[in-house]
Amino acid sequence: MVDRICISINNRCNLKCRYCHFNEKGHMDACPMDIIKILDNVKRYAHHDFKIGFVGNGEPLLDYEKLKEYILCISDNEWVKVYTITNGTIALEDKEWDFLENHQVNVGFSLDGYRELHNRNRCNSFDEVMKNVNAYKDVTGHYPTFNATVGKESIENANQVIHFFERFGTRITFSRMIGQYGIPLDEYRSFVKLAEKNLSVRQGGFDCTMYSGKCGAGKNNYFFANGKIYLCGNCIDLQPIGDSGTTLYELEKMSLDFDRNFCYKESL
Ligand code: SF4
Ligand code: SF4
């Protein structure tokens with residue numbers, strides 16, 4: 001059963017993060033995709049808990065008006081929960097943060113940790129991100145959740161990274177850095193184990209080993225981008241498994257057999 005999809009609503013970003021694998025692999029090409037049609041497919045299919053992540057090869061809040069349209073489109077389906085992840089550099093107006101909050105959209109901010117660490121990887125954007133984190137909190141009354149990419153420097157300064165996130169009291173998704181600066185899975189898992197002692201760390205089910213879960217490739221979640229469907233965002237440089245008009249009932253028929261404690265792509 002498919003219970004999660006990610007949709008890349010645009011292919012543009014105002015940052016050029018050091019480790020961005022979409023940039024690294026040249027996937028920032030604009031390509032048309034009928035997102036309302038994908039959402040209609042979800043509405044026909046979702047009669048069980050279902051998550052849509054408006055995340056992908058681009059910064060979703062750069063296209064806030066479109067994002068709003070998609071959220072409104074799906075809001076009449078009681079089973080569907082929506083989240084998005086921003087790089088935190090887009091200053092929305094209060095009423096725009098408010099809209100996301102009122103529609104129960106979980107907004108995750110990408111923040112790798114303390115200033116020097118974050119700035120090194122993410123184009124010196126720390127101060128801007130923190131400003132928007134606080135603006136978000138002023139409107140909603142709570143801090144957002146965070147997505148922090150864990151690389152070599154995070155491992156070397158693990159206590160400092162963990163201490164940095166303690167002040168917010170919200171859930172952190174630690175994701176393993178992949179690509180040319182990637183770190184091994186066992187080092188990432190040791191870091192997460194340490195972080196769990198002091199922080200609320202997201203634990204995935206069948207989702208992705210990059211997010212402390214098991215690999216969900218070809219099982220329960222898919223990635224829609226560039227008019228195509230991929231096994232996941234990381235698998236965007238493998239062959240797509242269909243075009244974005246493929247129904248979720250068709251996707252449900254897929255099956256891949258491998259040890260899901262490990263990343264499918266890395267096993268190829
Ligand atoms: S914000 Fe995200 S999409 Fe944009 S460059 Fe950084 S990692 Fe890539
Ligand atoms: S193939 Fe790798 S990156 Fe993709 S969902 Fe599985 S574990 Fe995650």
# chains A, B, ... in the order shown; residues from 1 in each chain; ligands from 1
>>> residues_near_ligand(ligand="ligand 1", cutoff="12 Å", atoms="only C-alpha atoms and all ligand atoms", output="PyMOL selection string")
chain A and resi 8-28+55-62+84-90+108-112+118-125+129+147-149+175+177-179+233-234
>>> residues_near_ligand(ligand="ligand 2", cutoff="9 Å", atoms="only C-alpha atoms and all ligand atoms", output="list in words")
Ile178, Phe206, Asp207, Cys208, Thr209, Met210, Tyr211, Gly213, Lys214, Cys215, Gly216, Ala217, Gly218, Asn221, Tyr222, Leu231, Cys232, Gly233, Asn234, Cys235, Arg260, Asn261, Phe262, Cys263, Tyr264, Lys265, Glu266 and Ser267 of chain A
>>> residues_around(residues="Val201 (chain A)", least_positions_apart="3", cutoff="12 Å", atoms="only C-alpha atoms", output="PyMOL selection string")
chain A and resi 145-148+162+165-166+169-175+189+191-198+204+211-213
>>> atom_distance(atom1="CA of Glu78 (chain A)", atom2="CA of Asn226 (chain A)")
27.7 Å
>>> residues_around(residues="Ser255 (chain A)", least_positions_apart="3", cutoff="10 Å", atoms="only C-alpha atoms", output="ChimeraX atom specification")
/A:217-220,251-252,258
>>> write_last_selection(atoms="N, CA and C atoms", output="CSV table (one decimal), in the first residue's frame")
chain,number,residue,atom,x,y,z
A,217,ALA,N,11.9,2.0,-0.7
A,217,ALA,CA,12.0,2.1,-2.2
A,217,ALA,C,11.1,1.0,-2.8
A,218,GLY,N,10.2,1.4,-3.7
A,218,GLY,CA,9.3,0.4,-4.4
A,218,GLY,C,8.4,-0.3,-3.4
A,219,LYS,N,8.1,0.3,-2.3
A,219,LYS,CA,7.2,-0.4,-1.3
A,219,LYS,C,6.0,0.5,-1.0
A,220,ASN,N,6.3,1.7,-0.4
A,220,ASN,CA,5.1,2.5,0.1
A,220,ASN,C,5.3,4.0,-0.2
A,251,LEU,N,1.0,1.9,-9.0
A,251,LEU,CA,2.3,1.9,-8.2
A,251,LEU,C,2.3,0.8,-7.2
A,252,GLU,N,1.1,0.6,-6.6
A,252,GLU,CA,0.9,-0.4,-5.6
A,252,GLU,C,1.4,-1.8,-6.0
A,258,PHE,N,14.7,-6.9,-1.3
A,258,PHE,CA,16.1,-6.7,-0.9
A,258,PHE,C,16.0,-6.5,0.6
>>> select_by_dssp(residues="region 87-266 of chain A", states="alpha helix (DSSP H)", output="short mmCIF file (atom, residue, chain, number, x, y, z; two decimals) with C-alpha atoms, in the first residue's frame")
data_model
loop_
_atom_site.label_atom_id
_atom_site.label_comp_id
_atom_site.auth_asym_id
_atom_site.auth_seq_id
_atom_site.Cartn_x
_atom_site.Cartn_y
_atom_site.Cartn_z
CA ASP A 94 2.43 36.51 8.79
CA LYS A 95 -0.81 35.61 7.02
CA GLU A 96 1.09 33.11 4.84
CA TRP A 97 2.66 31.30 7.82
CA ASP A 98 -0.77 31.43 9.38
CA PHE A 99 -2.35 29.76 6.37
CA LEU A 100 0.10 26.86 6.60
CA GLU A 101 -0.52 26.50 10.32
CA ASN A 102 -4.31 26.64 9.94
CA ARG A 115 26.16 28.95 12.72
CA GLU A 116 29.61 27.88 11.41
CA LEU A 117 28.49 24.38 10.54
CA HIS A 118 25.29 25.49 8.81
CA ASN A 119 27.00 28.32 6.93
CA ARG A 120 29.71 26.04 5.62
CA ASN A 121 27.19 23.82 3.87
CA PHE A 126 22.19 30.79 9.09
CA ASP A 127 21.13 34.32 10.17
CA GLU A 128 18.38 34.52 7.58
CA VAL A 129 17.08 31.08 8.54
CA MET A 130 17.03 31.94 12.24
CA LYS A 131 15.17 35.16 11.50
CA ASN A 132 12.47 33.21 9.68
CA VAL A 133 12.38 30.48 12.33
CA ASN A 134 11.57 33.19 14.88
CA ALA A 135 9.03 34.83 12.57
CA TYR A 136 7.36 31.43 12.20
CA LYS A 137 7.30 31.00 15.97
CA ASP A 138 5.84 34.49 16.50
CA VAL A 139 2.91 33.62 14.25
CA THR A 140 2.27 30.01 15.21
CA LYS A 152 31.57 14.50 8.59
CA GLU A 153 31.71 17.82 10.51
CA SER A 154 28.47 17.05 12.38
CA ILE A 155 29.93 13.72 13.49
CA GLU A 156 33.16 15.37 14.62
CA ALA A 158 28.25 15.83 17.60
CA ASN A 159 27.77 17.25 21.11
CA GLN A 160 27.78 20.82 19.81
CA VAL A 161 25.19 20.00 17.16
CA ILE A 162 22.96 18.20 19.67
CA HIS A 163 23.28 21.00 22.21
CA PHE A 164 22.32 23.55 19.54
CA PHE A 165 18.99 21.86 18.84
CA GLU A 166 18.05 21.40 22.50
CA LEU A 185 25.45 4.46 7.35
CA ASP A 186 26.96 3.08 10.58
CA GLU A 187 28.50 6.48 11.49
CA TYR A 188 25.19 8.18 10.83
CA ARG A 189 23.33 5.64 12.98
CA SER A 190 25.76 6.14 15.88
CA PHE A 191 25.19 9.90 15.68
CA VAL A 192 21.41 9.46 15.75
CA LYS A 193 21.67 7.13 18.75
CA LEU A 194 23.60 9.79 20.63
CA ALA A 195 21.17 12.57 19.62
CA GLU A 196 18.15 10.54 20.78
CA LEU A 248 -1.23 4.96 -7.16
CA TYR A 249 -3.15 1.73 -7.78
CA GLU A 250 -0.62 0.93 -10.50
CA LEU A 251 2.29 1.87 -8.23
CA GLU A 252 0.89 -0.44 -5.57
#
